[in-house]
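Undergrad: Questions regarding the structure given below will be posed in turn.
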Amino acid sequence: MDAVRDAARGRTGHDHVIARVSPGESLHLLPATTHRLVTWSTVHDHGRRLLGPPAGDLLPAVDPDLVRSALLDHVRDWPTWVTRMTTPGAQSYAVLTLCRAWQRLQHGTQLSKRRAADQTVADRPRWAGLIVWARDWWYGSGPDTDPGRGDEVREFVTELCAAILAAEHGRHAVR
C-alpha cells in the first residue's frame, strides 16, 4: 500500500517492490514506478471487488494528469520495448496495448483491449489488418507456432507512438 500511495503522489524515489503474476510465468518482482499508475487508477475507478473492501476504498485516487503523464512515458518507451518482442503473443500484446493508449489519450477512457482494437481500426484503417490479427490472436488463444508479424508490429508501434506524442504536443500548444 505504501508503494501505491507514494506512486499516486508522484513519489517514486522509494525502493518499493511489487509482485506481478502473468499466466504461465513465474512471479515477477518489479520496482513500483509511476508506470503502474495507469493500472492502479483504472482499478481504483472501475475495479470489481472479488473479496475484501472495494478497490476505491483500498487504493488512493490518482490525479488524472499524473496518469496521463505515466501513460505518455509508456508510449515513449514502447518503440524500444517492441524490438525485443519476438513471439506472436508479445507482438499482439504490443499492438493491443498501443490501441488502448491511443484511445485513452484521445478520449479519456480506459477500454478493454478488444474495444480499443475495434475503435482503433476505424481511426487507423491503414493498420486494420494488423490490429485485427492482434485482436484475433489474443482473444482466440493464437498458437505460439504463428510466425508473428514482427516488422509490421514494430512499424505500427513506432508510427502510433509518434502520432500520440505529436497529438500531445499539439494539445499543449493549444493551451
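We label chains A, B, ... in the order they appear in the C-alpha cells, count residues from 1 in each chain, and number ligands from 1 in the order shown.
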Name the residues in contact with Arg68 (chain A) at a cut-off of 9 Å, using only C-alpha atoms, excluding same-chain residues fewer than 3 positions from it; report them as a PyMOL selection string.

TA: chain A and resi 38+63-65+71-73+104-105+108

Undergrad: Within 7 Å of Thr34 (chain A), counting only C-alpha atoms, which residues show up once you throw out same-chain ones fewer than 2 positions away? Write them as a PyMOL selection string, please.

TA: chain A and resi 7+10+12+32+36-37+70

Undergrad: Give me, as a ChimeraX atom specification, all polymer residues having an atom no more than 12 Å from Arg11 (chain A), counting only C-alpha atoms and skipping those fewer than 2 positions away in the same chain.

TA: /A:2-9,13-16,32-35,37,66

Undergrad: Take the residues from that selection and write them out as a short mmCIF file (atom, residue, chain, number, x, y, z; two decimals), in the first residue's frame, keeping N, CA and C atoms.

TA:
data_model
loop_
_atom_site.label_atom_id
_atom_site.label_comp_id
_atom_site.auth_asym_id
_atom_site.auth_seq_id
_atom_site.Cartn_x
_atom_site.Cartn_y
_atom_site.Cartn_z
N ASP A 2 2.00 1.20 0.68
CA ASP A 2 2.90 2.36 0.67
C ASP A 2 3.39 2.64 -0.74
N ALA A 3 3.67 1.59 -1.50
CA ALA A 3 4.14 1.75 -2.88
C ALA A 3 3.09 2.45 -3.72
N VAL A 4 1.84 2.03 -3.59
CA VAL A 4 0.75 2.62 -4.37
C VAL A 4 0.54 4.07 -3.96
N ARG A 5 0.51 4.33 -2.67
CA ARG A 5 0.31 5.70 -2.19
C ARG A 5 1.43 6.63 -2.66
N ASP A 6 2.67 6.17 -2.55
CA ASP A 6 3.79 7.01 -2.99
C ASP A 6 3.73 7.27 -4.49
N ALA A 7 3.47 6.24 -5.28
CA ALA A 7 3.38 6.41 -6.74
C ALA A 7 2.23 7.34 -7.10
N ALA A 8 1.10 7.22 -6.40
CA ALA A 8 -0.06 8.07 -6.67
C ALA A 8 0.24 9.54 -6.38
N ARG A 9 1.22 9.77 -5.54
CA ARG A 9 1.65 11.14 -5.24
C ARG A 9 2.81 11.58 -6.13
N GLY A 13 10.92 7.75 -5.53
CA GLY A 13 12.28 7.64 -5.03
C GLY A 13 12.47 6.54 -4.00
N HIS A 14 11.37 6.00 -3.50
CA HIS A 14 11.46 4.92 -2.51
C HIS A 14 11.74 3.60 -3.22
N ASP A 15 12.29 2.67 -2.50
CA ASP A 15 12.63 1.38 -3.10
C ASP A 15 11.52 0.35 -2.89
N HIS A 16 10.32 0.70 -3.29
CA HIS A 16 9.21 -0.24 -3.18
C HIS A 16 9.29 -1.28 -4.28
N ALA A 32 8.15 -0.42 -8.03
CA ALA A 32 6.84 0.26 -8.07
C ALA A 32 7.05 1.67 -8.62
N THR A 33 7.04 1.78 -9.92
CA THR A 33 7.26 3.06 -10.58
C THR A 33 5.92 3.68 -10.98
N THR A 34 5.97 4.89 -11.50
CA THR A 34 4.75 5.54 -11.96
C THR A 34 4.13 4.82 -13.16
N HIS A 35 4.88 3.92 -13.81
CA HIS A 35 4.31 3.14 -14.92
C HIS A 35 3.09 2.33 -14.46
N LEU A 37 0.78 3.35 -12.49
CA LEU A 37 -0.35 4.22 -12.16
C LEU A 37 -1.54 4.02 -13.09
N LEU A 66 -1.41 13.02 -13.67
CA LEU A 66 -0.31 12.11 -13.35
C LEU A 66 -0.47 10.80 -14.12
#

Undergrad: Give me the residues near Leu96 (chain A) as a list in words, where near means some atom within 8 Å (using only C-alpha atoms) and where sequence neighbours in that chain fewer than 4 positions away do not count.

TA: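 With the cut-off at 8 Å, the set is Ser92, Arg100, Lys113, Arg114, Ala116, Ala117, Ile131, Ala134 and Arg135 of chain A.
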
Undergrad: Looking only at helix (DSSP H, G or I) from DSSP on the backbone, list the matching residues of chain A as a ChimeraX atom specification.

TA: /A:2-8,34-46,55-58,64-84,88-107,113-123,125-139,150-174

Undergrad: Which of these, A:Val17, A:Leu30, A:Leu50, A:Val153, has the shortest distance to Trp81 (chain A) once you count only C-alpha atoms?

TA: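 Among the listed residues, the smallest separation from Trp81 (chain A) belongs to A:Val153.
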
Undergrad: Kindly indicate which residue among A:Gly150, A:Val95, A:Ser141, A:Arg76 lies nearest to Thr120 (chain A), using only C-alpha atoms for the distances.

TA: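 For Thr120 (chain A), the nearest of the given residues is A:Val95.
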